[in-house]
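A.B. asks: Dropping in data35.txt, with compact mmCIF, C-alpha atoms.
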# COMPACT_ATOMS: atom_id res chain seq x y z
CA MET A 17 102.00 111.39 63.88
CA LYS A 18 103.73 108.35 65.24
CA PHE A 19 102.56 107.26 68.69
CA TYR A 20 104.07 104.93 71.26
CA LYS A 21 101.72 102.80 73.38
CA MET A 22 103.58 102.24 76.66
CA HIS A 23 102.71 101.08 80.15
CA GLY A 24 104.14 100.96 83.63
CA ILE A 25 102.78 97.70 85.13
CA GLY A 26 99.53 98.10 83.22
CA ASN A 27 99.04 101.86 83.67
CA ASP A 28 98.92 102.54 79.92
CA TYR A 29 99.22 105.83 78.10
CA ILE A 30 99.60 106.98 74.50
CA TYR A 31 102.93 108.77 74.11
CA PHE A 32 103.94 111.32 71.49
CA ASP A 33 107.45 112.56 70.72
CA CYS A 34 107.05 116.34 70.79
CA MET A 35 110.73 117.20 71.12
CA ASN A 36 110.66 118.67 67.60
CA LYS A 37 106.91 118.85 66.92
CA GLU A 38 104.04 120.56 68.68
CA ILE A 39 100.60 119.10 69.31
CA LYS A 40 97.81 121.64 69.66
CA ASN A 41 94.90 120.97 72.02
CA PRO A 42 96.29 117.82 73.71
CA GLU A 43 93.34 117.92 76.12
CA GLN A 44 90.85 117.13 73.35
CA LEU A 45 93.26 114.64 71.81
CA SER A 46 93.49 112.71 75.08
CA VAL A 47 89.70 112.39 75.32
CA LYS A 48 89.48 111.18 71.72
CA LEU A 49 92.38 108.72 71.71
CA SER A 50 91.81 107.20 75.17
CA ASP A 51 88.56 105.54 74.13
CA ARG A 52 89.23 101.78 74.21
CA HIS A 53 86.48 100.88 71.74
CA PHE A 54 86.68 103.56 69.06
CA SER A 55 90.33 104.64 69.21
CA ILE A 56 93.75 103.54 70.48
CA GLY A 57 92.71 103.20 74.12
CA GLY A 58 94.59 104.17 77.26
CA ASP A 59 94.47 105.96 80.59
CA GLY A 60 95.39 109.18 78.79
CA VAL A 61 98.01 110.89 76.63
CA ILE A 62 101.56 111.85 77.60
CA LEU A 63 103.82 114.19 75.63
CA LEU A 64 107.64 114.05 75.60
CA CYS A 65 108.64 117.71 75.23
CA PRO A 66 111.80 119.84 75.28
CA SER A 67 112.79 121.56 78.54
CA LYS A 68 115.02 124.50 79.43
CA ILE A 69 115.72 123.20 82.94
CA ALA A 70 115.95 119.41 82.48
CA ASP A 71 116.80 116.80 79.86
CA CYS A 72 113.13 116.69 78.80
CA LYS A 73 109.66 117.64 79.95
CA MET A 74 106.57 115.52 80.55
CA ARG A 75 103.00 116.72 79.98
CA MET A 76 100.33 114.29 81.09
CA PHE A 77 96.60 114.35 80.30
CA ASN A 78 93.95 112.11 81.83
CA ALA A 79 91.28 110.35 79.80
CA ASP A 80 88.85 113.18 80.56
CA GLY A 81 91.26 115.79 79.18
CA SER A 82 92.36 117.22 82.53
CA GLU A 83 96.11 117.82 82.90
CA GLY A 84 97.92 116.07 85.73
CA LYS A 85 100.87 117.53 87.59
CA MET A 86 102.65 114.21 87.97
CA CYS A 87 102.39 110.55 86.94
CA GLY A 88 104.71 108.01 88.54
CA ASN A 89 104.23 105.24 85.99
CA GLY A 90 104.18 107.75 83.17
CA ILE A 91 107.46 109.40 84.09
CA ARG A 92 109.27 106.05 83.98
CA CYS A 93 107.99 105.51 80.43
CA VAL A 94 108.93 109.08 79.46
CA GLY A 95 112.46 108.36 80.62
CA LYS A 96 112.55 105.11 78.66
CA LEU A 97 111.22 106.80 75.52
CA ALA A 98 113.76 109.63 75.77
CA HIS A 99 116.57 107.11 76.25
CA ASP A 100 115.42 104.70 73.53
CA LEU A 101 115.05 107.55 71.02
CA GLY A 102 118.52 108.86 71.84
CA TYR A 103 117.55 112.16 73.44
CA VAL A 104 119.41 111.12 76.60
CA THR A 105 122.32 108.74 77.13
CA GLY A 106 123.85 107.04 80.12
CA ASP A 107 121.96 105.67 83.09
CA THR A 108 120.35 108.85 84.46
CA CYS A 109 118.23 111.75 83.26
CA THR A 110 116.11 114.59 84.59
CA VAL A 111 112.46 115.20 83.67
CA GLU A 112 110.56 118.44 84.17
CA THR A 113 106.98 118.06 85.44
CA LEU A 114 104.37 120.44 86.80
CA SER A 115 105.38 119.24 90.27
CA GLY A 116 109.10 119.93 89.73
CA VAL A 117 112.15 118.28 88.18
CA LYS A 118 112.54 114.58 88.93
CA THR A 119 115.74 112.52 88.64
CA LEU A 120 115.57 109.07 87.06
CA ARG A 121 118.02 106.17 87.12
CA PHE A 122 117.80 103.59 84.34
CA PHE A 123 118.33 99.84 84.51
CA LEU A 124 119.14 98.55 81.04
CA GLY A 125 118.55 95.17 79.43
CA LYS A 126 120.99 93.23 77.27
CA ASP A 127 119.78 95.15 74.21
CA GLY A 128 120.80 98.43 75.83
CA LYS A 129 117.21 99.59 76.20
CA VAL A 130 115.56 100.62 79.46
CA GLU A 131 113.70 97.86 81.32
CA SER A 132 113.05 99.50 84.67
CA VAL A 133 113.50 102.91 86.27
CA LYS A 134 114.12 104.27 89.76
CA VAL A 135 112.61 107.71 90.32
CA ASP A 136 113.41 110.21 93.06
CA MET A 137 109.84 111.41 93.58
CA GLY A 138 110.71 114.16 96.06
CA ALA A 139 109.38 114.79 99.55
CA ALA A 140 105.85 113.76 100.47
CA VAL A 141 103.48 116.65 101.29
CA LEU A 142 101.43 115.88 104.39
CA ASN A 143 99.88 119.23 105.32
CA GLY A 144 96.12 118.91 104.90
CA GLU A 145 95.56 122.29 103.25
CA LYS A 146 98.43 121.75 100.79
CA ILE A 147 97.02 118.43 99.48
CA PRO A 148 94.74 120.42 98.85
CA SER A 149 91.83 119.67 101.16
CA ASP A 150 89.54 121.46 103.58
CA ILE A 151 90.99 119.33 106.40
CA LYS A 152 93.56 121.28 108.42
CA GLY A 153 96.66 119.93 110.12
CA GLU A 154 100.38 119.41 109.54
CA LYS A 155 99.56 115.71 109.10
CA VAL A 156 96.19 114.14 108.35
CA VAL A 157 96.52 110.55 109.57
CA ASN A 158 93.55 108.19 110.06
CA TYR A 159 91.19 111.17 110.00
CA PRO A 160 87.48 110.21 110.28
CA LEU A 161 85.78 111.30 107.05
CA ASN A 162 82.12 110.67 106.26
CA VAL A 163 81.69 109.43 102.69
CA GLY A 164 78.34 108.17 101.44
CA GLY A 165 76.97 107.91 104.97
CA GLN A 166 79.88 105.84 106.32
CA THR A 167 82.96 106.99 108.22
CA TYR A 168 86.41 106.05 106.90
CA GLY A 169 89.81 106.69 108.45
CA VAL A 170 91.75 108.58 105.76
CA THR A 171 95.40 109.57 105.46
CA LEU A 172 96.23 112.37 103.03
CA VAL A 173 99.47 112.50 101.03
CA SER A 174 100.49 114.53 97.99
CA MET A 175 103.23 113.23 95.72
CA GLY A 176 102.65 115.97 93.13
CA ASN A 177 99.15 114.53 92.84
CA PRO A 178 96.68 114.50 95.78
CA HIS A 179 95.93 111.12 97.35
CA CYS A 180 93.53 109.87 99.97
CA VAL A 181 94.59 106.52 101.41
CA VAL A 182 92.00 104.26 103.05
CA PHE A 183 93.09 101.09 104.83
CA ALA A 184 90.34 98.67 103.86
CA ASP A 185 90.45 95.34 102.03
CA PRO A 186 90.45 96.36 98.34
CA ASP A 187 88.83 93.06 97.33
CA LYS A 188 85.78 93.83 99.47
CA ILE A 189 85.31 97.41 98.24
CA ASP A 190 83.13 98.60 95.36
CA VAL A 191 86.01 100.65 93.98
CA GLU A 192 83.99 102.39 91.26
CA ALA A 193 81.09 103.46 93.43
CA LEU A 194 83.17 104.50 96.44
CA GLY A 195 85.98 105.92 94.32
CA LYS A 196 83.59 108.35 92.63
CA GLN A 197 82.27 109.47 96.01
CA PHE A 198 85.77 110.15 97.31
CA GLU A 199 86.85 111.85 94.08
CA ASN A 200 84.00 114.36 94.24
CA HIS A 201 83.83 114.79 98.02
CA PRO A 202 83.47 118.47 99.02
CA ALA A 203 86.54 118.18 101.27
CA PHE A 204 88.73 118.02 98.14
CA PRO A 205 88.44 121.19 96.01
CA ASP A 206 90.60 119.77 93.17
CA ARG A 207 89.12 116.27 93.45
CA ILE A 208 91.23 113.39 94.82
CA ASN A 209 92.84 110.08 93.89
CA THR A 210 91.84 107.33 96.31
CA GLU A 211 93.70 104.17 97.27
CA PHE A 212 92.10 101.25 99.09
CA VAL A 213 94.90 99.36 100.82
CA LYS A 214 95.49 96.20 102.83
CA ALA A 215 98.70 95.43 104.71
CA GLU A 216 99.74 91.85 103.85
CA GLY A 217 102.99 91.89 105.80
CA ARG A 218 105.28 94.25 107.65
CA ASN A 219 106.53 95.83 104.43
CA ARG A 220 104.05 94.55 101.87
CA LEU A 221 100.86 96.29 100.74
CA LYS A 222 98.05 95.42 98.34
CA MET A 223 96.11 98.28 96.77
CA ARG A 224 93.51 99.27 94.18
CA VAL A 225 93.23 102.82 93.00
CA TRP A 226 90.54 105.15 91.72
CA GLU A 227 92.19 108.00 89.80
CA ARG A 228 90.45 111.32 89.33
CA GLY A 229 89.71 111.81 85.66
CA SER A 230 90.50 108.20 84.67
CA GLY A 231 88.62 105.87 87.02
CA GLU A 232 90.13 102.61 88.26
CA THR A 233 93.50 101.90 86.67
CA PHE A 234 95.82 98.90 86.78
CA ALA A 235 98.47 100.90 88.61
CA CYS A 236 99.31 104.36 89.94
CA GLY A 237 102.91 105.26 90.75
CA THR A 238 102.23 108.34 92.88
CA GLY A 239 99.43 106.36 94.55
CA ALA A 240 101.80 103.53 95.46
CA CYS A 241 104.18 106.10 96.95
CA ALA A 242 101.33 107.69 98.90
CA CYS A 243 100.27 104.25 100.22
CA ALA A 244 103.78 103.49 101.43
CA VAL A 245 104.01 106.86 103.18
CA ALA A 246 100.57 106.41 104.74
CA ALA A 247 101.46 102.90 105.91
CA VAL A 248 104.55 104.22 107.69
CA LEU A 249 102.55 107.05 109.28
CA ASN A 250 99.97 104.49 110.50
CA GLY A 251 102.67 102.18 111.92
CA LEU A 252 102.13 99.39 109.38
CA CYS A 253 105.48 99.66 107.57
CA ASP A 254 108.99 100.87 108.39
CA LYS A 255 110.55 104.10 107.18
CA GLY A 256 113.77 103.66 105.21
CA GLU A 257 113.02 100.07 104.23
CA GLU A 258 111.82 98.80 100.86
CA ILE A 259 108.05 98.43 100.73
CA THR A 260 106.49 96.24 98.03
CA VAL A 261 103.17 97.55 96.74
CA SER A 262 101.08 95.04 94.80
CA LEU A 263 98.66 96.52 92.24
CA LEU A 264 96.39 94.98 89.61
CA GLY A 265 99.12 95.33 86.99
CA GLY A 266 102.16 94.26 89.00
CA GLU A 267 104.46 95.44 91.78
CA LEU A 268 106.32 98.63 92.63
CA LYS A 269 109.14 98.99 95.14
CA ILE A 270 108.92 102.09 97.36
CA VAL A 271 111.35 103.51 99.92
CA TYR A 272 110.17 106.40 102.11
CA THR A 273 112.88 108.45 103.83
CA ASP A 274 112.93 111.73 105.76
CA GLU A 275 114.09 113.54 102.61
CA THR A 276 112.31 111.87 99.69
CA VAL A 277 110.41 108.89 98.30
CA TYR A 278 112.02 106.48 95.81
CA MET A 279 109.93 104.43 93.40
CA THR A 280 111.26 101.59 91.24
CA GLY A 281 109.31 99.75 88.57
CA GLY A 282 109.14 98.60 84.98
CA ALA A 283 108.65 100.66 81.82
CA THR A 284 107.38 98.77 78.76
CA LEU A 285 106.80 99.62 75.11
CA ALA A 286 103.71 97.70 73.98
CA PHE A 287 103.56 98.81 70.34
CA THR A 288 103.91 101.77 67.99
CA GLY A 289 101.66 103.10 65.26
CA ASP A 290 100.63 106.12 63.22
CA ILE A 291 97.49 108.16 63.61
CA GLU A 292 96.14 111.18 61.80
CA ILE A 293 95.48 114.01 64.27
Mind converting the file's structure to structure tokens?

C.D. replies:
Amino acid sequence: MKFYKMHGIGNDYIYFDCMNKEIKNPEQLSVKLSDRHFSIGGDGVILLCPSKIADCKMRMFNADGSEGKMCGNGIRCVGKLAHDLGYVTGDTCTVETLSGVKTLRFFLGKDGKVESVKVDMGAAVLNGEKIPSDIKGEKVVNYPLNVGGQTYGVTLVSMGNPHCVVFADPDKIDVEALGKQFENHPAFPDRINTEFVKAEGRNRLKMRVWERGSGETFACGTGACACAVAAVLNGLCDKGEEITVSLLGGELKIVYTDETVYMTGGATLAFTGDIEI
């Protein structure tokens, strides 16, 4: 099959066009192909599939084979792939995910191909039990959580994926060691994605992310959204204004409103190839 290696500011996945073909056992395929030394390499595998309720459907698998409900950087690339292959036309499309149907707006380059995408990510979930977590409350903001013998103030946000946001200088954190401890903390029955964030200005954040099932990645779209929401809840940023989130792979622009969260960022095709599966 032909594959498309794409990334959203460094968050790279291996994409397959499954609009007219079916891939069996994508979980095992993701584990095999994500290896950066013995295969293509990536943070996982994403399938572009047909949908009965939207223009197309996204299925996303982490490097460990687990299926994710949502991927912010991945959905931008899914939209670009669908547009570039001619499955959708115009400057908008809808994508079905396990966390609902998302609406995308395309920004095209001079060649008519998608360069960046704005995604309506939907409303942020703040209820502690719906994250899900064992921590109760309509909002979990700066909650003291003991991890590895140290107490951290955590803010919980779900953007289709569960996130635990910690306001600590990401350059002074052992992201791998601490990220694993957060991911597997007993307070999170489905594991958790963790962002370590520093406010660098009123509406500017710097973050590093540890993703469950993938480890540290160059970027995380739902994580950037969760950071922006958490920053507003902690009084560090302003609701309704554009918040720039700086990640290892680049920047995302986030706007958090009472109704939804908007995310804007690039979508890039790195290369294509063929692989026997």

A.B. asks: Considering all atoms listed in the file, state which residue in the set A:Val61, A:Val213, A:Ala193, A:Ile30 is at the smallest distance from Cys180 (chain A).

C.D. replies: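 So, comparing all the options, the nearest one is A:Val213.
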
A.B. asks: Give me, as an mmCIF file with C-alpha atoms, keeping the file's coordinate frame, all polymer residues having an atom no more than 9 Å from Phe122 (chain A), counting all atoms listed in the file and skipping those fewer than 2 positions away in the same chain.

C.D. replies:
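Printed below is selection.cif as written:
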data_model
loop_
_atom_site.group_PDB
_atom_site.id
_atom_site.type_symbol
_atom_site.label_atom_id
_atom_site.label_comp_id
_atom_site.auth_asym_id
_atom_site.auth_seq_id
_atom_site.Cartn_x
_atom_site.Cartn_y
_atom_site.Cartn_z
ATOM 1 C CA ARG A 92 109.270 106.050 83.980
ATOM 2 C CA GLY A 95 112.460 108.360 80.620
ATOM 3 C CA LYS A 96 112.550 105.110 78.660
ATOM 4 C CA HIS A 99 116.570 107.110 76.250
ATOM 5 C CA GLY A 106 123.850 107.040 80.120
ATOM 6 C CA ASP A 107 121.960 105.670 83.090
ATOM 7 C CA THR A 108 120.350 108.850 84.460
ATOM 8 C CA CYS A 109 118.230 111.750 83.260
ATOM 9 C CA LEU A 120 115.570 109.070 87.060
ATOM 10 C CA LEU A 124 119.140 98.550 81.040
ATOM 11 C CA VAL A 130 115.560 100.620 79.460
ATOM 12 C CA GLU A 131 113.700 97.860 81.320
ATOM 13 C CA SER A 132 113.050 99.500 84.670
ATOM 14 C CA VAL A 133 113.500 102.910 86.270
ATOM 15 C CA LYS A 134 114.120 104.270 89.760
ATOM 16 C CA VAL A 135 112.610 107.710 90.320
#

A.B. asks: Can I get the residues of region 43-135 of chain A within 8 Å of region 155-176 of chain A, each with the closest pair of atoms and their distance in Å to one decimal, using all atoms listed in the file, sorted chain first then ascending number, as CSV?

C.D. replies:
residue,atom,partner,partner_atom,distance
A:Lys85,CA,A:Gly176,CA,6.0
A:Met86,CA,A:Gly176,CA,5.5
A:Leu114,CA,A:Gly176,CA,7.9
A:Ser115,CA,A:Gly176,CA,5.1

A.B. asks: Quick one: distance from CA of Arg220 (chain A) to CA of Phe198 (chain A) in Å, one decimal?

C.D. replies: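 CA of Arg220 (chain A) sits 24.5 Å away from CA of Phe198 (chain A).
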
A.B. asks: What is the CA of Ala140 (chain A)-CA of Thr276 (chain A) distance in Å, reported with one decimal?

C.D. replies: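 Between CA of Ala140 (chain A) and CA of Thr276 (chain A) the gap is 6.8 Å.
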
A.B. asks: Please, what distance in Å, to one decimal, runs between CA of Glu257 (chain A) and CA of Tyr272 (chain A)?

C.D. replies: 7.3 Å

A.B. asks: Just the residues within 8 Å of region 38-49 of chain A, please, counting all atoms listed in the file, with nothing from its chain fewer than 4 positions along; format it as JSON, numbers by chain.

C.D. replies: {"A": [30, 34, 55, 56, 57, 58, 60, 61, 77, 78, 79, 80, 81, 82, 83, 293]}

A.B. asks: Skip Gly239 (chain A) itself and residues of its chain fewer than 2 positions away, then list as number ranges by chain all residues within 8 Å of it, counting all atoms listed in the file.

C.D. replies: A: 175, 179, 209-211, 225, 236-237, 241-243

A.B. asks: With only C-alpha atoms as the atoms that count, which of A:Asn177, A:Asn219, A:Asn36, A:Asn200 lies nearest to Met17 (chain A)?

C.D. replies: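 Under the stated criterion, the closest residue is A:Asn36.
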
A.B. asks: Using all atoms listed in the file, which of the listed residues (A:Pro178, A:Gly128, A:Gly217, A:Gly265) sits closest to Gly144 (chain A)?

C.D. replies: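 For Gly144 (chain A), the nearest of the candidates is A:Pro178.
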
A.B. asks: Would you be able to write out as a PDB file with C-alpha atoms, in the coordinates of the input which residues have an atom within 7 Å of (88.9, 120.0, 97.0) in the file's coordinates, counting all atoms listed in the file?

C.D. replies:
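Contents of the output file out-v5.pdb:
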ATOM      1  CA  PRO A 148      94.740 120.420  98.850  1.00  0.00           C
ATOM      2  CA  SER A 149      91.830 119.670 101.160  1.00  0.00           C
ATOM      3  CA  ASP A 150      89.540 121.460 103.580  1.00  0.00           C
ATOM      4  CA  PRO A 202      83.470 118.470  99.020  1.00  0.00           C
ATOM      5  CA  ALA A 203      86.540 118.180 101.270  1.00  0.00           C
ATOM      6  CA  PHE A 204      88.730 118.020  98.140  1.00  0.00           C
ATOM      7  CA  PRO A 205      88.440 121.190  96.010  1.00  0.00           C
ATOM      8  CA  ASP A 206      90.600 119.770  93.170  1.00  0.00           C
ATOM      9  CA  ARG A 207      89.120 116.270  93.450  1.00  0.00           C
TER      10      ARG A 207
END

A.B. asks: Counting all atoms listed in the file, figure out which residue out of A:Ile208, A:Ala283, A:Val261, A:Ile147 gets nearest to Val94 (chain A).

C.D. replies: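 So, comparing all the options, the nearest one is A:Ala283.
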
A.B. asks: Using all atoms listed in the file, pick whichever of A:Lys18, A:Lys129, A:His53, A:Lys118 has the shortest atom-to-atom distance to Thr284 (chain A).

C.D. replies: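 Nearest candidate to Thr284 (chain A) out of A:Lys18, A:Lys129, A:His53, A:Lys118: A:Lys129.
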
A.B. asks: With all atoms listed in the file as the basis for distance, which of A:Arg218, A:Gly281, A:Leu142, A:Leu263 is at the shortest distance from Gly90 (chain A)?

C.D. replies: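 The closest residue to Gly90 (chain A) is A:Gly281.
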
A.B. asks: What lies within 6 Å of Tyr278 (chain A) using only C-alpha atoms, ignoring chain neighbours under 2 positions off, as a VMD selection string?

C.D. replies: chain A and resid 135 to 137 270 to 271
